[in-house]
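Read through the structure below, which is laid out as C-alpha cells, and then see the notes.
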Amino acid sequence: LLDDHEVVRQGLRNLLEAEGDIEVVGESDSAVDARNRIPALRPDVAVLDGRLPDGSGIDVCRDIRSVDPTIRALILTSYE
C-alpha cells in the first residue's frame, strides 16, 4: 500500500485483510520508499496513491513494472 496518509493506509489494510484471502505485505508513505520496497516485496498487486508529495503513483507504477512486469497496480485517487 502506498499512500502518504497513515489513516488511509490503515483503512485500506483493514478492508483488504478482512477479505480473508488477501495479505498486505508492506506499506509506504512516499514514492521514493515505494520504488525500493515494492520490487523487493514482490506483491501480486501494488495499491498506489495517485498523488504524493514526492511524486505520483503513476510514476511509481511505471518504475516498478519496468523492474518486474508481473506486478499489477491499482491507482487510487480522490482527484478527478
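Chains: A, B, ... in order of the C-alpha cells. Residues: from 1 per chain. Ligands: from 1, in order shown.
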
With a distance cut-off of 10 Å and only C-alpha atoms, select the neighbouring residues of Gln10 of chain A, excluding the residue or stretch itself and same-chain residues fewer than 5 positions from it, and output the selection as a PyMOL selection string. chain A and resi 1+3+5+15-16+27

Got a sec: who's within 10 Å of Leu76 of chain A, counting only C-alpha atoms, leaving out chain neighbours fewer than 6 positions off, as a list in words?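 Contacts, in chain order: Leu2, Asp3, Val47, Leu48, Asp49, Gly50, Arg51, Gly57 and Ile58 of chain A.
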
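The gap separating atom CA of Leu52 of chain A from atom CA of Thr70 of chain A is 23.6 Å, in Å to one decimal.
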
Can you list, as a ChimeraX atom specification, every residue of chain A that DSSP puts in strand (DSSP E or B)? /A:2,28,45-49,51-52,55-56,72-76

With a distance cut-off of 10 Å and only C-alpha atoms, select the neighbouring residues of Ala46 of chain A, excluding the residue or stretch itself and same-chain residues fewer than 5 positions from it, and output the selection as an NGL selection string. :A and (1-2 or 24-27 or 34 or 38-39 or 57 or 60-61 or 64 or 71-75)

Take the residues from that selection and put them in a file with N, CA, C and O atoms, as a compact mmCIF listing (two decimals), in the first residue's frame.
```txt
# COMPACT_ATOMS: atom_id res chain seq x y z
N LEU A 1 0.84 -1.18 0.00
CA LEU A 1 0.00 0.00 0.00
C LEU A 1 0.89 1.23 0.00
O LEU A 1 1.78 1.35 0.83
N LEU A 2 0.62 2.13 -0.90
CA LEU A 2 1.35 3.40 -0.96
C LEU A 2 0.36 4.54 -0.83
O LEU A 2 -0.49 4.73 -1.70
N VAL A 24 -1.63 -8.03 3.15
CA VAL A 24 -0.87 -6.81 2.85
C VAL A 24 0.57 -7.08 3.29
O VAL A 24 0.82 -7.31 4.47
N VAL A 25 1.49 -7.04 2.34
CA VAL A 25 2.88 -7.40 2.64
C VAL A 25 3.76 -6.20 2.95
O VAL A 25 4.89 -6.38 3.40
N GLY A 26 3.25 -4.98 2.72
CA GLY A 26 4.05 -3.81 3.02
C GLY A 26 3.29 -2.53 2.82
O GLY A 26 2.26 -2.50 2.14
N GLU A 27 3.82 -1.47 3.43
CA GLU A 27 3.23 -0.14 3.33
C GLU A 27 4.34 0.88 3.16
O GLU A 27 5.45 0.68 3.63
N ALA A 34 8.64 3.56 -1.81
CA ALA A 34 7.89 2.52 -2.53
C ALA A 34 8.67 1.95 -3.70
O ALA A 34 8.62 0.75 -3.96
N ILE A 38 8.70 -2.06 -3.10
CA ILE A 38 7.76 -2.89 -3.85
C ILE A 38 8.45 -4.01 -4.63
O ILE A 38 8.06 -5.18 -4.51
N PRO A 39 9.47 -3.73 -5.42
CA PRO A 39 10.12 -4.84 -6.13
C PRO A 39 10.73 -5.88 -5.18
O PRO A 39 10.72 -7.08 -5.48
N GLY A 57 1.69 8.01 -8.03
CA GLY A 57 1.54 6.57 -8.12
C GLY A 57 1.74 6.07 -9.54
O GLY A 57 2.20 4.95 -9.76
N VAL A 60 5.44 5.72 -10.00
CA VAL A 60 5.88 4.54 -9.25
C VAL A 60 5.50 3.28 -10.00
O VAL A 60 6.30 2.34 -10.13
N CYS A 61 4.29 3.24 -10.53
CA CYS A 61 3.83 2.09 -11.30
C CYS A 61 4.76 1.82 -12.48
O CYS A 61 5.18 0.68 -12.70
N ILE A 64 8.19 0.43 -11.11
CA ILE A 64 8.21 -0.93 -10.58
C ILE A 64 7.92 -1.96 -11.67
O ILE A 64 8.50 -3.04 -11.68
N ILE A 71 4.13 -7.51 -11.62
CA ILE A 71 3.43 -6.80 -10.55
C ILE A 71 2.32 -5.96 -11.16
O ILE A 71 2.54 -5.13 -12.01
N ARG A 72 1.11 -6.22 -10.72
CA ARG A 72 -0.05 -5.44 -11.16
C ARG A 72 -0.17 -4.22 -10.26
O ARG A 72 0.33 -4.21 -9.14
N ALA A 73 -0.88 -3.19 -10.74
CA ALA A 73 -1.03 -1.97 -9.94
C ALA A 73 -2.47 -1.46 -10.02
O ALA A 73 -3.13 -1.58 -11.05
N LEU A 74 -2.90 -0.91 -8.91
CA LEU A 74 -4.19 -0.24 -8.82
C LEU A 74 -3.91 1.15 -8.29
O LEU A 74 -3.31 1.31 -7.23
N ILE A 75 -4.30 2.18 -9.04
CA ILE A 75 -4.07 3.56 -8.65
C ILE A 75 -5.35 4.10 -8.02
O ILE A 75 -6.42 4.04 -8.64
```

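Pairwise distance (atom CA of Asp4 of chain A, atom CA of Arg35 of chain A) equals 14.0 Å.
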